[in-house]
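Enquirer: Below you'll find the structure I mean.
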Amino acid sequence: MDISKTLFATMVKNARMDRHWTQEELAEKLGVSPTYLGDLERHKGTPSLSLFCKAMRLLNLSADDYVYPNGNSDTYKQLLRLLTHCNEHQLQILLATATAMLQPNLNASNDVKE
């Protein structure tokens, strides 16, 4: 079985069930037929890129969880979700703060490369 199909199916089905949505309700929100959504949830198809993105946004899922299923901590995931709620000014402040906090690490890694 294709791991990418299995992971997508599991992520979508779990998120749908967490929201107490039926397949019909989610299918309508995604603009697909309930039969097609059912097939995806049963690992019988691969969504288009646009449907993948739409499902990730609608269900508030991170594509990182799909691409790196074992690679991110809960803290990292929470931080990414919070960033989506920031305006441009807030993002600039957070970037400057993170850069200042990590400057010693960044300088050390640059020294090693040289």
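By order of appearance in the structure tokens: chains A, B, ..., then residues from 1 within every chain, and ligands from 1 in the order shown.
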What are the closest atom pairs, with distances in Å to one decimal, for all residues of segment 48-114 of chain A lying within 10 Å of segment 16-35 of chain A? Consider only C-alpha atoms, order rows by chain and residue number, and present the result as JSON lines.
Expert:
{"residue": "A:Leu51", "atom": "CA", "partner": "A:Leu30", "partner_atom": "CA", "distance": 7.3}
{"residue": "A:Phe52", "atom": "CA", "partner": "A:Leu30", "partner_atom": "CA", "distance": 9.7}
{"residue": "A:Lys54", "atom": "CA", "partner": "A:Leu30", "partner_atom": "CA", "distance": 6.9}
{"residue": "A:Ala55", "atom": "CA", "partner": "A:Leu30", "partner_atom": "CA", "distance": 6.8}
{"residue": "A:Leu58", "atom": "CA", "partner": "A:Leu30", "partner_atom": "CA", "distance": 8.0}
{"residue": "A:Leu59", "atom": "CA", "partner": "A:Arg16", "partner_atom": "CA", "distance": 7.3}
Enquirer: What lies within 10 Å of Leu61 of chain A using only C-alpha atoms, ignoring chain neighbours under 5 positions off, as a PyMOL selection string?
Expert: chain A and resi 11-12+15+53+55-56+66+77+81
Enquirer: Considering only C-alpha atoms, can you say which of A:Leu7, A:Leu82, A:His89, A:Pro47 comes closest to Asp65 of chain A?
Expert: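 Ranking A:Leu7, A:Leu82, A:His89, A:Pro47 by distance to Asp65 of chain A, first place goes to A:Leu7.
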Enquirer: Would you return as a PyMOL selection string the members of segment 26-89 of chain A that DSSP assigns to helix (DSSP H, G or I) on this structure's backbone?
Expert: chain A and resi 26-30+34-41+49-58+63-67+74-83+88-89
Enquirer: From the list A:Ala63, A:Asn14, A:Ala9, A:Ser73, which residue is nearest Gly45 of chain A when using only C-alpha atoms?
Expert: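 Under the stated criterion, the closest residue is A:Ala9.
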Enquirer: So how many Å separate atom CA of Leu49 of chain A and atom CA of Leu83 of chain A, to one decimal?
Expert: 23.0 Å
